[in-house]
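Written out below as structure tokens is the structure these notes cover.
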Amino acid sequence: MNKIADLQKRDLEHIWHPCSQMKDYETLPPIVITRGKGPYLYSADGKVYLDIISSWWANLLGHANPKINAAITEQLQELEHVIFVNFTHEPAIRLGEELVKILPLGLNKINFADNGSSSVEISLKMAFQYQLQTGHPEKNRFMCLSEGYHGETIGALSVGSMDLFSQMYKPMMMNNIHIQAPDCYRCPLGESRDSCSCQCFKYAEEAFAKHAQETAAIIVEPIVQGCAGMRIYPPLYLQKLRKLCDTYNVLLIADEIATGFGRTGKMFACDHAAITPDLMCISKALTGGYLPMALVCTTDAIYQAFYDDYNKGKAFMHSHTYAGNPIGCATALAVLKIMQEENILASAAKKAVYFHAALQDAFGAHKNIGEIRHIGLINALELVTDKERKLGFAPQLRIGYEIYKKALTHGLLLRPLGNVIYFNPMLNIEKDDLDKAVALAKLSVKEVLG
């Protein structure tokens, strides 16, 4: 047995990979990656893969970025970790100072966690406790949007609406209120993405009128519902939601785990609507995809509801062992410094126009591509059997997965979301690599669909 086959065998003897039916690995064994550089991953058998999905949307500035590597190396010489209760360190302090400069106005307090799902759990608990401690114990439920995804711990699943992840666990989950989300491709009201005034917001208004008195908070993925297939909705919807929350004293939680740090063309997706949520969850690109770290950012008003003498029992008694990890903080600081010094957002904005035009040229007329939706560098191809009726392929066919497998043979990492093939590249990717991604994707789609 050669070395690669041996590594694959040893992997499958003990490792249970995430979000996988492990039986699939019988025909597509795990690809052994030895190193990465920029947008490329290099495997043990000498193949090269263009990582056009940023390794689950996390890698922001390329694999093995030398500036981030240097920041981590420097921090390793000083301090690897310290308990974050009653102790602190300069990287965390500086990170807080730098983030407040770019966060939506009014988000001044930051609570540290170690992954996106945990930050969602924190935000839910904060919202619940805030309502309790400000005289509203009746507000103990949560609202969320259909097709939403916020992570896979039980609380996060409870405010998600993706049955693929949650159906089996519903007996364990909280009983929350699910609002029909905007779907601008298959609008139930027959409106167009480019001309509507968010008539679908009536579903939120109806839910608030009925349930707001018992609702602590609503959580949404602002502008882009990622796992739903990169479904993109207008900023106006967020603006209306902010006003509705204010009217009914319902907190607004923005899950920016996937959308933060320039993914949508602005630093945060909420910036498209010029609104400030009451709580914001961020992770993934926070450390450039290097290390697990997450934050919950909130307002002084929420912070003050927990601030009292210890014996009053108002403290937020939630902790994570690796909260405020110094290496993670140093990494995040390096990411922010690169974004500022290299003018990443402006550069990415130009490439976003170029990239979408290239995808439109390649796929716009394809009989099985119903829509190419985009925001920032994010682009998503909706796979359909009938463009007029917008009918998707039967899930059992796993067409997206078949295209993914074909793309791998051509050196392109293009993981699907059901009947959606998406692109979510690093912000500093070069145009030549974008061209390569389009060409390889076109070839892969052609080989599967003709």
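The chains in the structure tokens are called A, B, ... from first to last as shown; in each chain the residues are counted from 1, and the ligands are counted from 1 in the order shown.
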
>> What's around range 59-71 of chain A at 7 Å? Count only C-alpha atoms, leave out sequence neighbours fewer than 6 positions away in its own chain, and write the answer as a ChimeraX atom specification.
In response: /A:36-39,285,288-289,330-331,334-335,426-428

For the selection you just gave me, I'd like the residues written to a file as a short mmCIF file (atom, residue, chain, number, x, y, z; two decimals), in the first residue's frame, keeping N, CA and C atoms.
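out.cif, freshly written:
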data_model
loop_
_atom_site.label_atom_id
_atom_site.label_comp_id
_atom_site.auth_asym_id
_atom_site.auth_seq_id
_atom_site.Cartn_x
_atom_site.Cartn_y
_atom_site.Cartn_z
N GLY A 36 -0.81 24.57 1.84
CA GLY A 36 -1.63 25.52 1.10
C GLY A 36 -0.84 26.79 0.84
N LYS A 37 -1.20 27.49 -0.22
CA LYS A 37 -0.56 28.76 -0.53
C LYS A 37 -1.53 29.61 -1.34
N GLY A 38 -1.86 30.79 -0.82
CA GLY A 38 -2.82 31.63 -1.51
C GLY A 38 -4.16 30.92 -1.65
N PRO A 39 -4.74 30.87 -2.84
CA PRO A 39 -6.02 30.20 -3.01
C PRO A 39 -5.88 28.71 -3.32
N ALA A 285 -14.04 34.42 9.19
CA ALA A 285 -13.01 35.30 8.64
C ALA A 285 -12.37 36.21 9.69
N GLY A 288 -9.13 35.16 9.70
CA GLY A 288 -8.68 34.80 8.36
C GLY A 288 -8.81 33.32 8.07
N GLY A 289 -9.62 32.61 8.86
CA GLY A 289 -9.78 31.18 8.69
C GLY A 289 -8.67 30.37 9.31
N ALA A 330 -4.13 37.87 18.20
CA ALA A 330 -3.03 38.37 17.36
C ALA A 330 -3.31 38.10 15.89
N THR A 331 -3.90 36.95 15.61
CA THR A 331 -4.26 36.61 14.23
C THR A 331 -5.31 37.56 13.69
N ALA A 334 -3.86 40.86 12.85
CA ALA A 334 -3.12 40.81 11.58
C ALA A 334 -4.07 40.90 10.39
N VAL A 335 -5.20 40.23 10.50
CA VAL A 335 -6.20 40.28 9.42
C VAL A 335 -6.69 41.72 9.22
N MET A 426 -11.32 33.87 -1.57
CA MET A 426 -10.59 34.81 -0.72
C MET A 426 -10.67 36.20 -1.34
N LEU A 427 -10.65 37.21 -0.51
CA LEU A 427 -10.82 38.58 -1.01
C LEU A 427 -9.62 39.06 -1.82
N ASN A 428 -8.46 38.48 -1.58
CA ASN A 428 -7.26 38.93 -2.31
C ASN A 428 -6.89 37.99 -3.46
#

>> Just list as a list in words whatever in range 177-311 of chain A DSSP marks as strand (DSSP E).
In response: Ile177, His178, Ile179, Thr215, Ala216, Ala217, Ile218, Ile219, Val220, Val224, Gln225, Arg231, Ile232, Leu251, Leu252, Ile253, Ala254, Asp255, Leu279, Met280, Cys281, Ile282, Ala294, Leu295, Val296, Cys297, Thr298 and Thr299 of chain A

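If you measure from each of A:Tyr49, A:Tyr40, A:Phe423, A:Phe393 to Ala407 in chain A using only C-alpha atoms, the closest one turns out to be A:Tyr49.
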
Per residue of range 295-319 of chain A within 12 Å of range 98-122 of chain A, which atom pair is closest and at what distance in Å (one decimal), using only C-alpha atoms, listed by chain and increasing number, as a tab-separated table?
residue	atom	partner	partner_atom	distance
A:Leu295	CA	A:Phe112	CA	4.7
A:Val296	CA	A:Asn111	CA	5.1
A:Cys297	CA	A:Ile110	CA	4.5
A:Thr298	CA	A:Leu107	CA	4.8
A:Thr299	CA	A:Leu107	CA	4.7
A:Asp300	CA	A:Asn108	CA	6.3
A:Ala301	CA	A:Gly106	CA	9.5
A:Ile302	CA	A:Lys109	CA	9.0
A:Tyr303	CA	A:Lys109	CA	7.1
A:Gln304	CA	A:Lys109	CA	10.2
A:Phe316	CA	A:Ile122	CA	9.4
A:Met317	CA	A:Ile122	CA	10.2
A:His318	CA	A:Ile122	CA	7.5
A:Ser319	CA	A:Ala113	CA	7.7

Keeping only N, CA and C atoms, write those residues as a PDB file, in the first residue's frame.
ATOM      1  N   LEU A 295     -16.862  36.035  18.402  1.00  0.00           N
ATOM      2  CA  LEU A 295     -17.201  37.152  19.278  1.00  0.00           C
ATOM      3  C   LEU A 295     -18.697  37.416  19.231  1.00  0.00           C
ATOM      4  N   VAL A 296     -19.218  37.919  20.337  1.00  0.00           N
ATOM      5  CA  VAL A 296     -20.552  38.519  20.348  1.00  0.00           C
ATOM      6  C   VAL A 296     -20.364  39.985  20.720  1.00  0.00           C
ATOM      7  N   CYS A 297     -20.764  40.843  19.816  1.00  0.00           N
ATOM      8  CA  CYS A 297     -20.636  42.283  20.026  1.00  0.00           C
ATOM      9  C   CYS A 297     -21.997  42.848  20.368  1.00  0.00           C
ATOM     10  N   THR A 298     -22.049  43.727  21.364  1.00  0.00           N
ATOM     11  CA  THR A 298     -23.343  44.248  21.787  1.00  0.00           C
ATOM     12  C   THR A 298     -23.227  45.693  22.262  1.00  0.00           C
ATOM     13  N   THR A 299     -24.345  46.221  22.711  1.00  0.00           N
ATOM     14  CA  THR A 299     -24.452  47.641  23.043  1.00  0.00           C
ATOM     15  C   THR A 299     -24.206  47.901  24.527  1.00  0.00           C
ATOM     16  N   ASP A 300     -23.951  49.153  24.846  1.00  0.00           N
ATOM     17  CA  ASP A 300     -23.800  49.535  26.250  1.00  0.00           C
ATOM     18  C   ASP A 300     -25.085  49.272  27.027  1.00  0.00           C
ATOM     19  N   ALA A 301     -26.238  49.455  26.397  1.00  0.00           N
ATOM     20  CA  ALA A 301     -27.519  49.262  27.089  1.00  0.00           C
ATOM     21  C   ALA A 301     -27.682  47.813  27.536  1.00  0.00           C
ATOM     22  N   ILE A 302     -27.331  46.878  26.678  1.00  0.00           N
ATOM     23  CA  ILE A 302     -27.435  45.470  27.074  1.00  0.00           C
ATOM     24  C   ILE A 302     -26.400  45.142  28.148  1.00  0.00           C
ATOM     25  N   TYR A 303     -25.193  45.623  27.969  1.00  0.00           N
ATOM     26  CA  TYR A 303     -24.136  45.404  28.961  1.00  0.00           C
ATOM     27  C   TYR A 303     -24.562  45.899  30.348  1.00  0.00           C
ATOM     28  N   GLN A 304     -25.177  47.068  30.411  1.00  0.00           N
ATOM     29  CA  GLN A 304     -25.565  47.659  31.699  1.00  0.00           C
ATOM     30  C   GLN A 304     -26.636  46.846  32.414  1.00  0.00           C
ATOM     31  N   PHE A 316     -23.381  37.598  33.676  1.00  0.00           N
ATOM     32  CA  PHE A 316     -23.546  36.644  32.576  1.00  0.00           C
ATOM     33  C   PHE A 316     -22.593  35.484  32.828  1.00  0.00           C
ATOM     34  N   MET A 317     -23.118  34.405  33.389  1.00  0.00           N
ATOM     35  CA  MET A 317     -22.289  33.281  33.835  1.00  0.00           C
ATOM     36  C   MET A 317     -22.109  32.267  32.703  1.00  0.00           C
ATOM     37  N   HIS A 318     -21.384  32.695  31.712  1.00  0.00           N
ATOM     38  CA  HIS A 318     -21.117  31.854  30.547  1.00  0.00           C
ATOM     39  C   HIS A 318     -19.643  31.966  30.236  1.00  0.00           C
ATOM     40  N   SER A 319     -19.005  30.828  29.961  1.00  0.00           N
ATOM     41  CA  SER A 319     -17.564  30.895  29.720  1.00  0.00           C
ATOM     42  C   SER A 319     -17.131  29.839  28.716  1.00  0.00           C
TER      43      SER A 319
END

> Can you list, as a PyMOL selection string, every protein, DNA or RNA residue that comes within 10 Å of Met172 in chain A when you count only C-alpha atoms, leaving out same-chain residues fewer than 6 positions away?
Replying inline: chain A and resi 154-155+157-158+166

Suppose we keep C-alpha atoms; can you now write the selection as a CSV table (one decimal), in the first residue's frame?
chain,number,residue,atom,x,y,z
A,154,ILE,CA,-29.0,22.7,20.1
A,155,GLY,CA,-29.8,26.3,20.7
A,157,LEU,CA,-30.3,24.5,15.6
A,158,SER,CA,-33.5,25.7,17.4
A,166,SER,CA,-32.3,19.8,12.5

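If only C-alpha atoms are the atoms counted, then among A:Ser195, A:Ala58, A:Ile53, A:Glu80 the closest residue to Pro425 in chain A is A:Ile53.
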
>> Env of Ala92 in chain A: 8 Å cut, atoms = only C-alpha atoms, seq-sep filter 4 positions within chain, self excluded. Answer as a list in words.
In response: Thr88, Gly96, Gly324, Asn325, Pro326, Cys329 and Ala330 of chain A

Who sits within 8 Å of range 408-413 of chain A, only C-alpha atoms, same chain under 3 positions skipped, as a short mmCIF file (atom, residue, chain, number, x, y, z; two decimals) with N, CA and C atoms, in the first residue's frame:
data_model
loop_
_atom_site.label_atom_id
_atom_site.label_comp_id
_atom_site.auth_asym_id
_atom_site.auth_seq_id
_atom_site.Cartn_x
_atom_site.Cartn_y
_atom_site.Cartn_z
N LYS A 47 -1.49 16.68 -6.67
CA LYS A 47 -2.54 17.45 -7.32
C LYS A 47 -2.69 18.82 -6.65
N VAL A 48 -3.19 19.77 -7.41
CA VAL A 48 -3.39 21.13 -6.92
C VAL A 48 -4.87 21.47 -7.04
N TYR A 49 -5.44 22.03 -5.98
CA TYR A 49 -6.85 22.37 -5.95
C TYR A 49 -7.02 23.87 -5.71
N LEU A 50 -7.81 24.51 -6.54
CA LEU A 50 -8.15 25.92 -6.36
C LEU A 50 -9.32 25.99 -5.39
N ASP A 51 -9.07 26.55 -4.23
CA ASP A 51 -10.06 26.61 -3.14
C ASP A 51 -10.95 27.83 -3.35
N ILE A 52 -11.99 27.66 -4.16
CA ILE A 52 -12.84 28.80 -4.52
C ILE A 52 -13.96 29.02 -3.50
N ILE A 53 -14.00 28.18 -2.44
CA ILE A 53 -15.01 28.37 -1.40
C ILE A 53 -14.37 28.76 -0.06
N TYR A 404 -19.60 18.74 -7.95
CA TYR A 404 -18.50 18.88 -7.00
C TYR A 404 -17.43 17.81 -7.24
N LYS A 405 -17.86 16.55 -7.39
CA LYS A 405 -16.91 15.47 -7.62
C LYS A 405 -16.17 15.65 -8.95
N ALA A 437 -11.11 29.47 -12.21
CA ALA A 437 -12.26 28.89 -11.51
C ALA A 437 -13.47 28.81 -12.42
N LEU A 440 -12.89 26.01 -15.12
CA LEU A 440 -13.00 24.66 -14.58
C LEU A 440 -14.43 24.34 -14.16
N ALA A 441 -15.14 25.33 -13.62
CA ALA A 441 -16.54 25.12 -13.26
C ALA A 441 -17.39 24.87 -14.51
N SER A 444 -16.80 21.36 -15.67
CA SER A 444 -17.41 20.38 -14.77
C SER A 444 -18.92 20.32 -14.97
#

Ile83 in chain A: which residues within 9 Å, counting only C-alpha atoms, same-chain residues fewer than 2 positions away excluded, as a PDB file with C-alpha atoms, in the first residue's frame?
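Final output, around_11.pdb:
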ATOM      1  CA  HIS A  81      -3.057  31.192  26.429  1.00  0.00           C
ATOM      2  CA  VAL A  85     -11.475  35.529  33.982  1.00  0.00           C
ATOM      3  CA  ASN A  86      -9.867  38.397  35.892  1.00  0.00           C
ATOM      4  CA  PHE A  87      -6.879  38.263  33.530  1.00  0.00           C
ATOM      5  CA  THR A  88      -6.337  40.015  30.238  1.00  0.00           C
ATOM      6  CA  THR A 321     -11.918  27.787  28.072  1.00  0.00           C
ATOM      7  CA  TYR A 322     -10.268  29.414  25.059  1.00  0.00           C
ATOM      8  CA  ALA A 323     -12.151  32.717  25.233  1.00  0.00           C
ATOM      9  CA  GLY A 324      -9.848  35.600  24.400  1.00  0.00           C
ATOM     10  CA  ASN A 325      -7.028  33.307  23.272  1.00  0.00           C
TER      11      ASN A 325
END

>> Applying 12 Å and only C-alpha atoms, which residues near Ala228 in chain A remain after dropping the ones on its own chain fewer than 6 positions away? List them as an NGL selection string.
In response: :A and (145-150 or 160-165 or 181-183 or 221 or 380 or 382 or 416-422)

> Could you pull out the helix (DSSP H, G or I) residues of range 72-276 of chain A from DSSP and send them as a ChimeraX atom specification?
Replying inline: /A:72-76,90-102,116-133,154-158,163-172,199-214,235-248,270-273

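Taking CA of Ala212 in chain A and CA of Gln225 in chain A as endpoints, the distance between them is 22.9 Å.
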
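Taking CA of His211 in chain A and CA of Thr247 in chain A as the two end points, the separation is 13.1 Å.
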